[in-house]
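Colleague: So I've got this file, query.cif, and it contains mmCIF, C-alpha atoms:
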```
data_input
#
loop_
_atom_site.label_atom_id
_atom_site.label_comp_id
_atom_site.auth_asym_id
_atom_site.auth_seq_id
_atom_site.Cartn_x
_atom_site.Cartn_y
_atom_site.Cartn_z
CA MET A 1 -45.04 -163.31 123.69
CA ALA A 2 -44.97 -167.00 122.91
CA ALA A 3 -45.47 -169.27 119.96
CA GLN A 4 -47.29 -172.58 120.01
CA ALA A 5 -45.42 -175.69 121.00
CA ALA A 6 -43.40 -177.16 118.14
CA PRO A 7 -42.69 -180.89 118.50
CA SER A 8 -39.48 -182.14 116.96
CA ALA A 9 -41.43 -183.83 114.14
CA ASP A 10 -42.77 -180.40 113.08
CA CYS A 11 -39.36 -178.72 113.03
CA LYS A 12 -38.88 -178.52 109.24
CA GLY A 13 -35.44 -179.26 107.93
CA HIS A 14 -34.18 -180.43 111.31
CA PRO A 15 -35.23 -184.02 111.96
CA ASP A 16 -32.84 -184.28 114.91
CA ALA A 17 -34.29 -181.22 116.65
CA ILE A 18 -35.59 -181.63 120.18
CA GLY A 19 -38.49 -179.23 119.63
CA THR A 20 -40.83 -177.85 122.33
CA SER A 21 -43.13 -180.46 123.78
CA ARG A 22 -45.64 -178.13 125.42
CA THR A 23 -46.28 -174.64 126.79
CA ILE A 24 -47.45 -174.06 130.36
CA VAL A 25 -49.13 -170.87 131.58
CA VAL A 26 -48.36 -169.82 135.17
CA ASP A 27 -49.89 -167.25 137.50
CA PRO A 28 -47.08 -165.34 139.23
CA ARG A 29 -49.31 -164.36 142.14
CA ALA A 30 -50.18 -167.96 142.93
CA TYR A 31 -46.54 -169.06 143.17
CA PRO A 32 -44.33 -165.97 143.63
CA ILE A 33 -41.02 -167.84 144.18
CA ILE A 34 -39.74 -170.90 142.30
CA GLY A 35 -36.49 -172.80 141.81
CA THR A 36 -35.16 -175.47 144.15
CA MET A 37 -31.68 -173.97 144.28
CA GLN A 38 -33.22 -171.59 146.84
CA TYR A 39 -36.87 -172.47 147.36
CA GLY A 40 -38.99 -175.49 148.05
CA LYS A 41 -41.08 -175.24 144.87
CA THR A 42 -40.35 -175.17 141.16
CA LEU A 43 -42.36 -175.15 137.96
CA PRO A 44 -45.03 -177.87 137.58
CA LEU A 45 -42.97 -180.09 135.31
CA GLN A 46 -43.30 -183.76 134.57
CA ASP A 47 -40.36 -186.13 134.73
CA ARG A 48 -37.67 -185.43 132.11
CA GLU A 49 -39.02 -181.98 131.26
CA VAL A 50 -36.60 -179.03 131.08
CA VAL A 51 -37.10 -175.26 130.97
CA LEU A 52 -34.27 -173.32 129.27
CA THR A 53 -33.37 -169.90 130.70
CA PHE A 54 -30.68 -167.41 129.61
CA ASP A 55 -29.39 -164.45 131.62
CA ASP A 56 -27.56 -161.15 131.06
CA GLY A 57 -28.43 -160.41 127.43
CA PRO A 58 -29.01 -159.18 124.91
CA LEU A 59 -25.47 -159.07 123.56
CA PRO A 60 -25.71 -159.25 119.76
CA LYS A 61 -22.41 -161.09 119.20
CA TYR A 62 -23.54 -164.16 121.13
CA SER A 63 -27.25 -163.70 121.78
CA ASN A 64 -28.02 -163.87 118.06
CA LEU A 65 -26.08 -167.16 117.82
CA ILE A 66 -28.08 -168.57 120.73
CA LEU A 67 -31.30 -167.59 118.96
CA ASN A 68 -30.14 -169.38 115.81
CA ILE A 69 -29.35 -172.58 117.71
CA LEU A 70 -32.74 -172.54 119.43
CA ALA A 71 -34.47 -171.92 116.11
CA ALA A 72 -32.68 -174.88 114.56
CA HIS A 73 -34.06 -177.07 117.34
CA CYS A 74 -37.49 -175.38 117.49
CA ALA A 75 -36.86 -174.93 121.22
CA LYS A 76 -38.37 -172.06 123.19
CA ALA A 77 -36.70 -170.45 126.19
CA THR A 78 -37.01 -167.60 128.71
CA PHE A 79 -34.53 -164.70 128.49
CA PHE A 80 -33.85 -162.63 131.63
CA MET A 81 -32.54 -159.36 130.17
CA VAL A 82 -30.49 -156.64 131.85
CA GLY A 83 -32.07 -153.19 131.46
CA SER A 84 -28.88 -151.44 130.39
CA GLN A 85 -28.21 -154.15 127.80
CA ALA A 86 -31.76 -153.79 126.48
CA SER A 87 -31.34 -150.02 126.18
CA ALA A 88 -28.08 -150.50 124.27
CA ASN A 89 -29.49 -153.26 122.03
CA PRO A 90 -33.26 -152.80 121.66
CA GLU A 91 -33.25 -154.72 118.40
CA GLY A 92 -31.93 -157.78 120.25
CA VAL A 93 -34.89 -157.58 122.66
CA ARG A 94 -37.35 -157.50 119.78
CA LYS A 95 -35.61 -160.46 118.09
CA VAL A 96 -36.17 -162.56 121.18
CA ARG A 97 -39.81 -161.56 121.30
CA ASP A 98 -40.39 -162.11 117.56
CA ALA A 99 -38.82 -165.58 117.79
CA GLY A 100 -41.53 -166.58 120.23
CA HIS A 101 -39.41 -166.70 123.37
CA THR A 102 -40.42 -165.21 126.73
CA VAL A 103 -38.84 -161.85 127.57
CA ALA A 104 -38.20 -161.35 131.31
CA THR A 105 -36.05 -158.96 133.38
CA HIS A 106 -32.78 -159.17 135.31
CA THR A 107 -32.51 -155.69 136.97
CA GLN A 108 -31.10 -152.56 135.36
CA ASN A 109 -27.34 -152.79 135.93
CA HIS A 110 -26.80 -156.36 137.18
CA PRO A 111 -25.34 -155.49 140.62
CA GLY A 112 -23.14 -158.31 141.88
CA GLY A 113 -24.07 -158.05 145.57
CA MET A 114 -27.69 -157.08 145.50
CA ASP A 115 -28.29 -158.64 148.89
CA ARG A 116 -25.89 -156.06 150.38
CA LEU A 117 -27.44 -153.03 148.69
CA PRO A 118 -29.86 -150.74 150.53
CA PHE A 119 -33.39 -151.85 149.85
CA ASP A 120 -34.27 -148.59 148.06
CA ARG A 121 -31.41 -149.19 145.65
CA SER A 122 -32.54 -152.78 145.02
CA LYS A 123 -36.08 -151.63 144.38
CA GLN A 124 -34.80 -149.01 141.94
CA GLU A 125 -32.76 -151.65 140.09
CA ILE A 126 -35.85 -153.83 139.62
CA GLU A 127 -38.16 -151.04 138.51
CA GLN A 128 -35.66 -149.45 136.11
CA GLY A 129 -34.86 -152.81 134.56
CA ILE A 130 -38.53 -153.41 133.77
CA ALA A 131 -38.88 -149.89 132.36
CA SER A 132 -35.83 -150.28 130.09
CA VAL A 133 -36.96 -153.64 128.67
CA THR A 134 -40.47 -152.26 128.15
CA ALA A 135 -39.05 -149.32 126.21
CA ALA A 136 -36.89 -151.65 124.12
CA LEU A 137 -39.90 -153.75 123.10
CA GLY A 138 -41.31 -150.61 121.53
CA ASP A 139 -44.91 -151.78 121.10
CA GLY A 140 -46.29 -150.68 124.46
CA THR A 141 -46.27 -154.17 125.89
CA ALA A 142 -44.40 -155.05 129.08
CA PRO A 143 -42.10 -158.00 129.58
CA ALA A 144 -43.33 -161.08 131.36
CA PRO A 145 -43.65 -160.58 135.14
CA PHE A 146 -40.73 -162.94 135.68
CA LEU A 147 -37.70 -161.64 137.57
CA ARG A 148 -34.33 -163.20 138.39
CA ILE A 149 -31.97 -161.52 140.85
CA PRO A 150 -28.30 -161.31 139.68
CA GLY A 151 -26.28 -164.04 141.30
CA LEU A 152 -29.50 -165.22 142.96
CA ARG A 153 -28.68 -162.80 145.80
CA ARG A 154 -32.21 -162.55 147.14
CA THR A 155 -33.40 -161.03 150.41
CA ASP A 156 -36.68 -161.17 152.27
CA GLU A 157 -37.37 -157.52 151.41
CA ILE A 158 -36.74 -158.16 147.70
CA GLU A 159 -39.05 -161.16 147.71
CA ALA A 160 -41.79 -159.20 149.47
CA PHE A 161 -41.44 -156.29 147.05
CA ALA A 162 -41.54 -158.56 144.00
CA ALA A 163 -44.67 -160.28 145.31
CA SER A 164 -46.34 -156.92 145.91
CA LYS A 165 -45.68 -156.01 142.26
CA GLY A 166 -47.06 -159.30 140.97
CA LEU A 167 -43.61 -160.52 139.90
CA GLN A 168 -42.60 -164.15 140.01
CA LEU A 169 -39.08 -164.51 141.41
CA TRP A 170 -37.17 -167.17 139.50
CA SER A 171 -34.23 -169.06 140.88
CA ALA A 172 -33.17 -172.28 139.11
CA ASP A 173 -33.02 -176.02 139.67
CA PHE A 174 -29.52 -176.59 138.32
CA PRO A 175 -26.83 -174.47 136.59
CA ALA A 176 -24.09 -175.36 134.10
CA ASP A 177 -21.53 -172.90 135.53
CA ASP A 178 -21.09 -171.30 132.11
CA TRP A 179 -20.30 -167.93 133.73
CA ARG A 180 -17.09 -169.42 135.15
CA ASP A 181 -13.78 -169.73 133.31
CA VAL A 182 -14.37 -173.30 132.17
CA SER A 183 -14.38 -175.00 128.80
CA ALA A 184 -17.45 -175.64 126.68
CA SER A 185 -17.03 -179.37 127.29
CA ARG A 186 -17.20 -178.74 131.02
CA VAL A 187 -20.40 -176.72 130.58
CA TYR A 188 -21.95 -179.63 128.68
CA GLU A 189 -20.83 -182.17 131.30
CA LEU A 190 -22.17 -180.16 134.23
CA ALA A 191 -25.48 -179.52 132.50
CA MET A 192 -26.10 -183.20 131.78
CA GLN A 193 -24.78 -184.51 135.10
CA ARG A 194 -26.96 -182.19 137.12
CA LEU A 195 -29.96 -182.79 134.89
CA GLU A 196 -29.60 -186.53 135.44
CA GLN A 197 -29.44 -185.95 139.20
CA LYS A 198 -32.55 -183.77 139.25
CA GLY A 199 -34.52 -185.60 136.56
CA LYS A 200 -36.17 -182.36 135.44
CA GLY A 201 -36.16 -178.64 136.18
CA ILE A 202 -35.04 -175.15 135.22
CA LEU A 203 -31.60 -174.95 133.56
CA LEU A 204 -29.64 -171.72 134.13
CA LEU A 205 -27.46 -170.55 131.21
CA HIS A 206 -26.11 -167.22 129.88
CA ASP A 207 -26.49 -165.96 126.31
CA ILE A 208 -23.46 -163.66 126.52
CA GLN A 209 -20.81 -166.40 126.88
CA PRO A 210 -18.97 -167.96 123.92
CA ARG A 211 -18.65 -171.28 125.78
CA THR A 212 -22.43 -171.42 126.04
CA VAL A 213 -22.77 -170.95 122.29
CA THR A 214 -20.41 -173.88 121.76
CA ALA A 215 -21.99 -176.18 124.36
CA LEU A 216 -25.69 -175.53 123.66
CA PRO A 217 -26.08 -177.63 120.44
CA ARG A 218 -24.49 -180.62 122.15
CA ILE A 219 -26.68 -180.15 125.25
CA LEU A 220 -29.89 -180.06 123.19
CA HIS A 221 -28.85 -183.05 121.12
CA GLU A 222 -28.00 -185.12 124.20
CA MET A 223 -31.25 -184.14 125.87
CA LYS A 224 -33.20 -185.56 122.97
CA VAL A 225 -31.12 -188.74 122.91
CA ARG A 226 -31.81 -189.31 126.60
CA GLY A 227 -35.53 -188.66 126.25
CA TYR A 228 -35.78 -185.18 127.75
CA ARG A 229 -38.35 -182.64 126.51
CA ILE A 230 -38.32 -178.84 126.36
CA VAL A 231 -41.17 -176.91 127.99
CA HIS A 232 -41.95 -173.25 127.33
CA VAL A 233 -43.31 -171.05 130.15
CA VAL A 234 -45.50 -167.98 129.62
CA PRO A 235 -47.42 -165.79 132.12
CA ALA A 236 -51.16 -165.88 132.56
CA THR A 237 -53.24 -163.02 131.18
CA PRO A 238 -56.95 -162.19 131.27
CA GLY A 239 -57.33 -163.92 127.91
CA ARG A 240 -54.97 -166.80 128.73
CA PRO A 241 -55.74 -168.56 132.03
CA ALA A 242 -53.15 -170.48 133.97
CA THR A 243 -52.64 -174.15 133.29
CA PRO A 244 -54.60 -176.17 135.88
CA THR A 245 -52.21 -177.79 138.36
CA GLU A 246 -52.22 -179.40 141.77
CA PRO A 247 -50.03 -178.04 144.62
CA GLN A 248 -47.90 -181.16 144.70
CA GLN A 249 -46.97 -180.67 141.03
CA TRP A 250 -44.97 -177.59 142.03
CA LEU A 251 -42.59 -179.81 144.00
CA LEU A 252 -39.50 -181.13 142.25
CA HIS A 253 -40.25 -184.68 143.39
CA PRO A 254 -43.87 -184.94 144.56
CA PRO A 255 -44.46 -187.73 147.11
CA SER A 256 -46.28 -190.80 145.86
CA GLU A 257 -48.51 -193.28 147.67
CA THR A 258 -45.73 -195.89 147.59
CA VAL A 259 -43.17 -193.64 149.28
CA ALA A 260 -43.21 -192.88 153.00
CA ILE A 261 -44.09 -189.25 153.57
CA SER A 262 -43.90 -186.99 156.61
CA ARG A 263 -47.51 -185.84 156.43
CA TRP A 264 -50.80 -187.61 156.98
CA PRO A 265 -52.33 -188.99 153.79
CA LYS A 266 -55.55 -187.53 152.54
CA VAL A 267 -58.64 -189.21 153.94
CA PRO A 268 -60.91 -190.30 151.07
CA LYS A 269 -64.53 -189.32 151.09
CA PHE A 270 -66.86 -192.18 151.96
CA ALA A 271 -70.53 -192.62 152.84
CA ALA A 272 -71.36 -193.15 156.49
CA ALA A 273 -72.88 -196.55 157.26
CA GLY A 274 -75.26 -195.26 159.95
CA PRO A 275 -77.32 -192.15 160.59
CA ALA A 276 -75.61 -188.82 160.34
CA ALA A 277 -76.44 -187.82 163.93
CA LEU A 278 -76.38 -189.81 167.15
CA PRO A 279 -79.46 -189.78 169.43
CA VAL A 280 -79.38 -187.24 172.23
CA PRO A 281 -79.63 -188.78 175.71
CA ALA A 282 -82.72 -187.92 177.72
CA LEU A 283 -82.41 -185.80 180.83
CA SER A 284 -83.79 -188.63 182.94
CA ASP A 285 -80.78 -190.78 181.96
CA LEU A 286 -78.53 -188.35 183.79
CA VAL A 287 -80.42 -188.41 187.14
CA TRP A 288 -78.92 -190.90 189.61
CA ARG A 289 -81.92 -191.07 191.90
CA ASN A 290 -84.44 -191.84 189.19
CA PRO A 291 -86.84 -194.41 190.72
CA ASP A 292 -87.32 -196.06 187.33
CA ALA A 293 -83.60 -196.82 186.92
CA VAL A 294 -83.85 -200.32 188.37
CA ALA A 295 -86.91 -201.22 186.31
CA ARG A 296 -85.34 -199.93 183.10
CA ALA A 297 -82.14 -201.84 183.73
CA GLN A 298 -84.05 -205.07 184.30
CA ARG A 299 -86.11 -204.59 181.16
CA ARG A 300 -83.01 -204.05 179.06
CA GLY A 301 -81.37 -207.23 180.37
CA ARG A 302 -78.46 -205.48 181.99
CA ALA A 303 -76.40 -206.69 184.93
CA VAL A 304 -77.18 -206.06 188.57
CA PRO A 305 -78.27 -202.41 188.88
CA LEU A 306 -76.54 -199.99 191.16
CA PRO A 307 -78.20 -199.15 194.50
CA LEU A 308 -80.37 -196.09 194.62
CA ILE A 309 -78.18 -194.41 197.20
CA ALA A 310 -75.47 -192.07 195.97
CA LEU A 311 -72.01 -193.59 196.23
CA TRP A 312 -70.34 -190.27 196.73
CA PRO A 313 -69.97 -188.47 199.05
CA ARG A 314 -70.46 -190.95 201.86
CA GLN A 315 -71.59 -189.68 205.28
CA ILE A 316 -69.20 -190.61 208.11
CA ALA A 317 -70.27 -190.32 211.78
CA LEU A 318 -67.82 -188.14 213.70
CA PRO A 319 -67.47 -187.84 217.52
CA PRO A 320 -68.61 -184.65 219.24
CA THR A 321 -66.52 -181.54 218.82
CA SER A 322 -65.64 -181.36 222.52
CA VAL A 323 -64.10 -184.82 222.36
CA LEU A 324 -62.04 -184.00 219.29
CA ALA A 325 -60.65 -180.82 220.85
CA THR A 326 -59.30 -182.62 224.00
CA LEU A 327 -56.07 -184.53 223.58
CA PRO A 328 -54.80 -187.12 226.14
CA VAL A 329 -52.06 -186.02 228.54
CA PRO A 330 -48.88 -188.13 228.26
CA ALA A 331 -47.81 -190.03 231.37
CA ALA A 332 -44.65 -189.15 233.28
CA SER A 333 -43.12 -192.50 232.42
CA VAL A 334 -42.97 -191.42 228.79
CA PHE A 335 -40.16 -188.99 229.62
CA ARG A 336 -38.17 -191.39 231.86
CA ILE A 337 -34.65 -192.15 230.62
CA PRO A 338 -33.08 -195.43 231.76
CA ASP A 339 -29.45 -194.16 231.75
CA PRO A 340 -28.36 -193.63 235.41
CA LEU A 341 -25.65 -191.14 234.48
CA MET A 342 -28.17 -188.86 232.80
CA LEU A 343 -30.39 -189.00 235.91
CA THR A 344 -27.61 -187.72 238.24
CA SER A 345 -28.29 -184.21 239.44
CA PRO A 346 -25.79 -181.40 238.72
CA VAL A 347 -25.03 -180.90 242.46
CA ARG A 348 -24.21 -184.55 242.90
CA ARG A 349 -21.90 -184.48 239.90
CA VAL A 350 -20.00 -181.48 241.37
CA ASP A 351 -19.55 -183.22 244.77
CA THR A 352 -18.23 -186.32 243.07
CA ALA A 353 -15.69 -184.25 241.12
CA ASN A 354 -14.48 -182.49 244.31
CA ALA A 355 -14.01 -185.81 246.10
CA ARG A 356 -11.95 -187.21 243.26
CA ALA A 357 -9.78 -184.10 243.17
CA THR A 358 -9.09 -184.33 246.93
CA GLU A 359 -8.14 -187.99 246.63
CA VAL A 360 -5.69 -187.30 243.81
CA SER A 361 -4.11 -184.39 245.72
CA ALA A 362 -3.55 -186.60 248.77
CA LYS A 363 -1.83 -189.24 246.70
CA LEU A 364 0.47 -186.71 245.13
CA ALA A 365 1.36 -185.30 248.54
CA GLY A 366 2.31 -188.75 249.78
CA LYS A 367 4.63 -189.28 246.85
CA SER A 368 6.33 -185.97 247.48
CA HIS A 369 7.12 -186.89 251.14
CA ARG A 370 8.68 -190.13 250.01
CA HIS A 371 11.08 -188.26 247.71
CA GLY A 372 12.04 -185.73 250.38
CA HIS A 373 9.92 -182.86 249.17
CA THR A 374 7.13 -181.15 250.95
CA THR A 375 4.15 -180.21 248.85
CA ALA A 376 1.14 -178.45 250.18
CA ALA A 377 -1.87 -180.00 248.63
CA GLN A 378 -4.89 -177.90 249.16
CA PRO A 379 -8.27 -179.01 248.05
CA PRO A 380 -9.89 -176.74 245.51
CA ALA A 381 -12.41 -174.31 246.78
CA SER A 382 -14.88 -175.19 244.12
CA ALA A 383 -15.49 -177.58 241.30
CA ALA A 384 -14.29 -174.97 238.81
CA GLN A 385 -10.90 -174.68 240.54
CA ALA A 386 -10.41 -178.43 241.10
CA ALA A 387 -9.48 -180.15 237.91
CA PRO A 388 -8.90 -183.86 238.16
CA ILE A 389 -5.32 -184.96 237.54
CA PRO A 390 -4.98 -187.89 235.18
CA GLN A 391 -3.48 -191.09 236.43
CA GLY A 392 0.22 -191.36 235.77
CA ALA A 393 0.81 -187.62 236.05
CA ALA A 394 3.67 -186.39 238.28
CA THR A 395 4.41 -183.08 239.90
CA ALA A 396 7.84 -181.64 239.15
CA PRO A 397 9.82 -179.69 241.75
CA ARG A 398 8.80 -176.11 242.30
CA LYS A 399 10.26 -173.56 239.96
CA ASN A 400 10.09 -169.91 240.97
CA GLY A 401 7.65 -170.82 243.67
CA ARG A 402 5.29 -172.69 241.35
CA SER A 403 4.92 -176.38 240.88
CA VAL A 404 5.06 -177.75 237.33
CA ARG A 405 3.12 -180.82 236.41
CA VAL A 406 4.77 -183.19 234.01
CA ALA A 407 2.51 -185.61 232.21
CA GLY A 408 3.72 -189.10 232.30
CA LEU A 409 3.93 -191.17 229.16
CA LYS A 410 1.54 -194.05 229.19
CA LYS A 411 2.36 -196.99 227.04
CA ARG A 412 -0.56 -197.94 224.82
#
```
What does the file become when written as structure tokens?

Modeller:
Amino acid sequence: MAAQAAPSADCKGHPDAIGTSRTIVVDPRAYPIIGTMQYGKTLPLQDREVVLTFDDGPLPKYSNLILNILAAHCAKATFFMVGSQASANPEGVRKVRDAGHTVATHTQNHPGGMDRLPFDRSKQEIEQGIASVTAALGDGTAPAPFLRIPGLRRTDEIEAFAASKGLQLWSADFPADDWRDVSASRVYELAMQRLEQKGKGILLLHDIQPRTVTALPRILHEMKVRGYRIVHVVPATPGRPATPTEPQQWLLHPPSETVAISRWPKVPKFAAAGPAALPVPALSDLVWRNPDAVARAQRRGRAVPLPLIALWPRQIALPPTSVLATLPVPAASVFRIPDPLMLTSPVRRVDTANARATEVSAKLAGKSHRHGHTTAAQPPASAAQAAPIPQGAATAPRKNGRSVRVAGLKKR
């Protein structure tokens, strides 16, 4: 499945080769999803370490050229193979394996919108892809339990299914866009620009593109010039345990002690200065009415001791119940109102209104005699019939046997 790491100094005949600095062994069940393009974790890489990955092969016309370039640089990579391509080119699958690279899977038919497929169809694509690559290997061995979804179109169901099968779902940390219609120079520029931004990570390439074949030698050469190193990744087996790592190493940029972080720092272990357990208070210390409390307080040199009586609840002397139930009767003067108008009785108010109405009627009758008219002014029979006439009002001559009152205009 994988050859030993080949440093650039050991790459015979190629002194400018970048080589493979080291090989790490990972347990897919411990970290089932990786790649910061979609997830929060990636491979446990050190600064300026790169993992090369190639998708969609094998395609003999270009995949064989990619293998030759990697061999010239003694660089190891991971190939995510399509099942139908493996069935059509089984020899290409075995070449990748025999060259010491990691053989992984990329579904059976490379569906473009796998996130829109029914889950049963997605599951079938994954399982058939593994079966086709296994058959192409031809020696009874299975490919590495590494899986990459086409177009990175993952779903929660796909992730759960892959984890249940012990597969590690690979995304990437940065691509070079070599599947797009761009030039080889643009592929090189994007690969190096994004690598400089990330500082390390998983590079996503395709071994079926002619632009990738053209750009790859320049990418590897520039990586070595800038001090980057190639890392090979293989799966753990019963005879090959996983490389020991810490959880923070699976982050692209682990927090350091000099950088502010959003979590509490780890508390270091230290020896306690005193006894491991505190003394338990005696029951007598909890009794308020202990007669020895004053003596103990004086012996210990404390302040003035509290009195022996309980401070709470305090007993308050209350008057007898019969006294509390009887309330004082308010005096009549409490309800007296000083306004004389409000104290006038209703009968008196009615008599006053009748007298005023009679007086007004008499005045109006006198005015009518002076103008040669005779008006019969009759006092109202009751207060309801006698409405007081405002000052300045005049009575017009009778019309149809009825008198009409005309209100005078009063200058304000």

Colleague: Please evaluate the PyMOL selection byres ((chain A and resi 43-53) around 9) against the structure above and give the resulting residues as an MDAnalysis selection string.

Modeller: chainID A and resid 21 24 26 34:35 41:42 54:55 75:80 172 195:196 198:206 226:233 245:253

Colleague: Carefully work through the PyMOL selection byres ((chain A and resi 180) around 12) for this structure and note down the residues it includes, as a short mmCIF file (atom, residue, chain, number, x, y, z; two decimals) with C-alpha atoms, keeping the file's coordinate frame.

Modeller:
```
data_model
loop_
_atom_site.label_atom_id
_atom_site.label_comp_id
_atom_site.auth_asym_id
_atom_site.auth_seq_id
_atom_site.Cartn_x
_atom_site.Cartn_y
_atom_site.Cartn_z
CA PRO A 175 -26.83 -174.47 136.59
CA ALA A 176 -24.09 -175.36 134.10
CA ASP A 177 -21.53 -172.90 135.53
CA ASP A 178 -21.09 -171.30 132.11
CA TRP A 179 -20.30 -167.93 133.73
CA ASP A 181 -13.78 -169.73 133.31
CA VAL A 182 -14.37 -173.30 132.17
CA SER A 183 -14.38 -175.00 128.80
CA ALA A 184 -17.45 -175.64 126.68
CA ARG A 186 -17.20 -178.74 131.02
CA VAL A 187 -20.40 -176.72 130.58
CA LEU A 190 -22.17 -180.16 134.23
CA LEU A 205 -27.46 -170.55 131.21
CA HIS A 206 -26.11 -167.22 129.88
CA GLN A 209 -20.81 -166.40 126.88
CA PRO A 210 -18.97 -167.96 123.92
CA ARG A 211 -18.65 -171.28 125.78
CA THR A 212 -22.43 -171.42 126.04
#
```

Colleague: Centre and edge lengths of an axis-aligned box around all listed atoms of range 168-181 of chain A, with 3 Å added on each side, are to be given in Å to one decimal, as JSON.

Modeller:
```
{"center_x": -28.2, "center_y": -170.4, "center_z": 136.8, "size_x": 34.8, "size_y": 18.4, "size_z": 15.3}
```

Colleague: Hey, which of A:Leu59, A:Met223, A:Ala355, A:Leu147 ends up closest to Gln85 in chain A? Count all atoms listed in the file.

Modeller: A:Leu59

Colleague: In Å to one decimal, how far is CA of Ser87 in chain A from CA of Ser132 in chain A?

Modeller: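 The value is 6.0 Å.
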
Colleague: In Å, with one decimal, what is the gap from CA of Asn64 in chain A to CA of Val82 in chain A?

Modeller: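 That distance, rounded to one decimal, is 15.8 Å.
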
Colleague: May I have the residues within 9 Å of Leu70 in chain A as a list in words, using only C-alpha atoms and disregarding those fewer than 3 positions away in the same chain?

Modeller: Gly19, Leu65, Ile66, Leu67, His73, Cys74, Ala75, Lys76, Ala77, Leu216, Pro217 and Leu220 of chain A

Colleague: A:Leu169, A:Ile18, A:Val93, A:Val334: which is nearest Thr36 in chain A, counting only C-alpha atoms?

Modeller: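 Nearest to Thr36 in chain A: A:Leu169.
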
Colleague: Could you state the separation of CA of Lys61 in chain A and CA of Ala136 in chain A in Å, given to one decimal place?

Modeller: 18.0 Å

Colleague: Between A:Ser333, A:Thr105, A:Ser84, A:Asn68, single out the one closest to Trp170 in chain A, counting all atoms listed in the file.

Modeller: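 Using all atoms listed in the file, Trp170 in chain A sits closest to A:Thr105.
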
Colleague: Carefully work through the PyMOL selection byres ((chain A and resi 149) around 10) for this structure and note down the residues it includes, as an mmCIF file with C-alpha atoms, keeping the file's coordinate frame.

Modeller:
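Result file expr32.cif:
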```
data_model
loop_
_atom_site.group_PDB
_atom_site.id
_atom_site.type_symbol
_atom_site.label_atom_id
_atom_site.label_comp_id
_atom_site.auth_asym_id
_atom_site.auth_seq_id
_atom_site.Cartn_x
_atom_site.Cartn_y
_atom_site.Cartn_z
ATOM 1 C CA PHE A 80 -33.850 -162.630 131.630
ATOM 2 C CA THR A 105 -36.050 -158.960 133.380
ATOM 3 C CA HIS A 106 -32.780 -159.170 135.310
ATOM 4 C CA THR A 107 -32.510 -155.690 136.970
ATOM 5 C CA HIS A 110 -26.800 -156.360 137.180
ATOM 6 C CA PRO A 111 -25.340 -155.490 140.620
ATOM 7 C CA GLY A 112 -23.140 -158.310 141.880
ATOM 8 C CA GLY A 113 -24.070 -158.050 145.570
ATOM 9 C CA MET A 114 -27.690 -157.080 145.500
ATOM 10 C CA ASP A 115 -28.290 -158.640 148.890
ATOM 11 C CA SER A 122 -32.540 -152.780 145.020
ATOM 12 C CA GLU A 125 -32.760 -151.650 140.090
ATOM 13 C CA ILE A 126 -35.850 -153.830 139.620
ATOM 14 C CA LEU A 147 -37.700 -161.640 137.570
ATOM 15 C CA ARG A 148 -34.330 -163.200 138.390
ATOM 16 C CA PRO A 150 -28.300 -161.310 139.680
ATOM 17 C CA GLY A 151 -26.280 -164.040 141.300
ATOM 18 C CA LEU A 152 -29.500 -165.220 142.960
ATOM 19 C CA ARG A 153 -28.680 -162.800 145.800
ATOM 20 C CA ARG A 154 -32.210 -162.550 147.140
ATOM 21 C CA THR A 155 -33.400 -161.030 150.410
ATOM 22 C CA ILE A 158 -36.740 -158.160 147.700
ATOM 23 C CA GLU A 159 -39.050 -161.160 147.710
ATOM 24 C CA LEU A 169 -39.080 -164.510 141.410
ATOM 25 C CA TRP A 170 -37.170 -167.170 139.500
ATOM 26 C CA SER A 171 -34.230 -169.060 140.880
#
```

Colleague: Tell me, as a list of chain:residue names, which residues lie within 7 Å of Pro58 in chain A, counting all atoms listed in the file; anything in the same chain fewer than 5 positions away does not count.

Modeller: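 In the requested format, the answer is A:Ser63, A:Met81, A:Gln85, A:Ala86, A:Asn89, A:Gly92, A:Val93.
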
Colleague: Complete range 355-361 of chain A with N, CA and C atoms (output as a PDB file, in the coordinates of the input).

Modeller:
```
ATOM      1  N   ALA A 355     -14.587-184.695 245.340  1.00  0.00           N
ATOM      2  CA  ALA A 355     -14.010-185.810 246.100  1.00  0.00           C
ATOM      3  C   ALA A 355     -12.877-186.456 245.336  1.00  0.00           C
ATOM      4  N   ARG A 356     -13.027-186.613 244.058  1.00  0.00           N
ATOM      5  CA  ARG A 356     -11.950-187.210 243.260  1.00  0.00           C
ATOM      6  C   ARG A 356     -10.722-186.314 243.236  1.00  0.00           C
ATOM      7  N   ALA A 357     -10.917-185.021 243.170  1.00  0.00           N
ATOM      8  CA  ALA A 357      -9.780-184.100 243.170  1.00  0.00           C
ATOM      9  C   ALA A 357      -9.035-184.157 244.486  1.00  0.00           C
ATOM     10  N   THR A 358      -9.743-184.248 245.613  1.00  0.00           N
ATOM     11  CA  THR A 358      -9.090-184.330 246.930  1.00  0.00           C
ATOM     12  C   THR A 358      -8.286-185.604 247.042  1.00  0.00           C
ATOM     13  N   GLU A 359      -8.829-186.695 246.567  1.00  0.00           N
ATOM     14  CA  GLU A 359      -8.140-187.990 246.630  1.00  0.00           C
ATOM     15  C   GLU A 359      -6.861-187.950 245.823  1.00  0.00           C
ATOM     16  N   VAL A 360      -6.886-187.378 244.661  1.00  0.00           N
ATOM     17  CA  VAL A 360      -5.690-187.300 243.810  1.00  0.00           C
ATOM     18  C   VAL A 360      -4.642-186.422 244.460  1.00  0.00           C
ATOM     19  N   SER A 361      -5.064-185.297 245.073  1.00  0.00           N
ATOM     20  CA  SER A 361      -4.110-184.390 245.720  1.00  0.00           C
ATOM     21  C   SER A 361      -3.405-185.075 246.872  1.00  0.00           C
TER      22      SER A 361
END
```
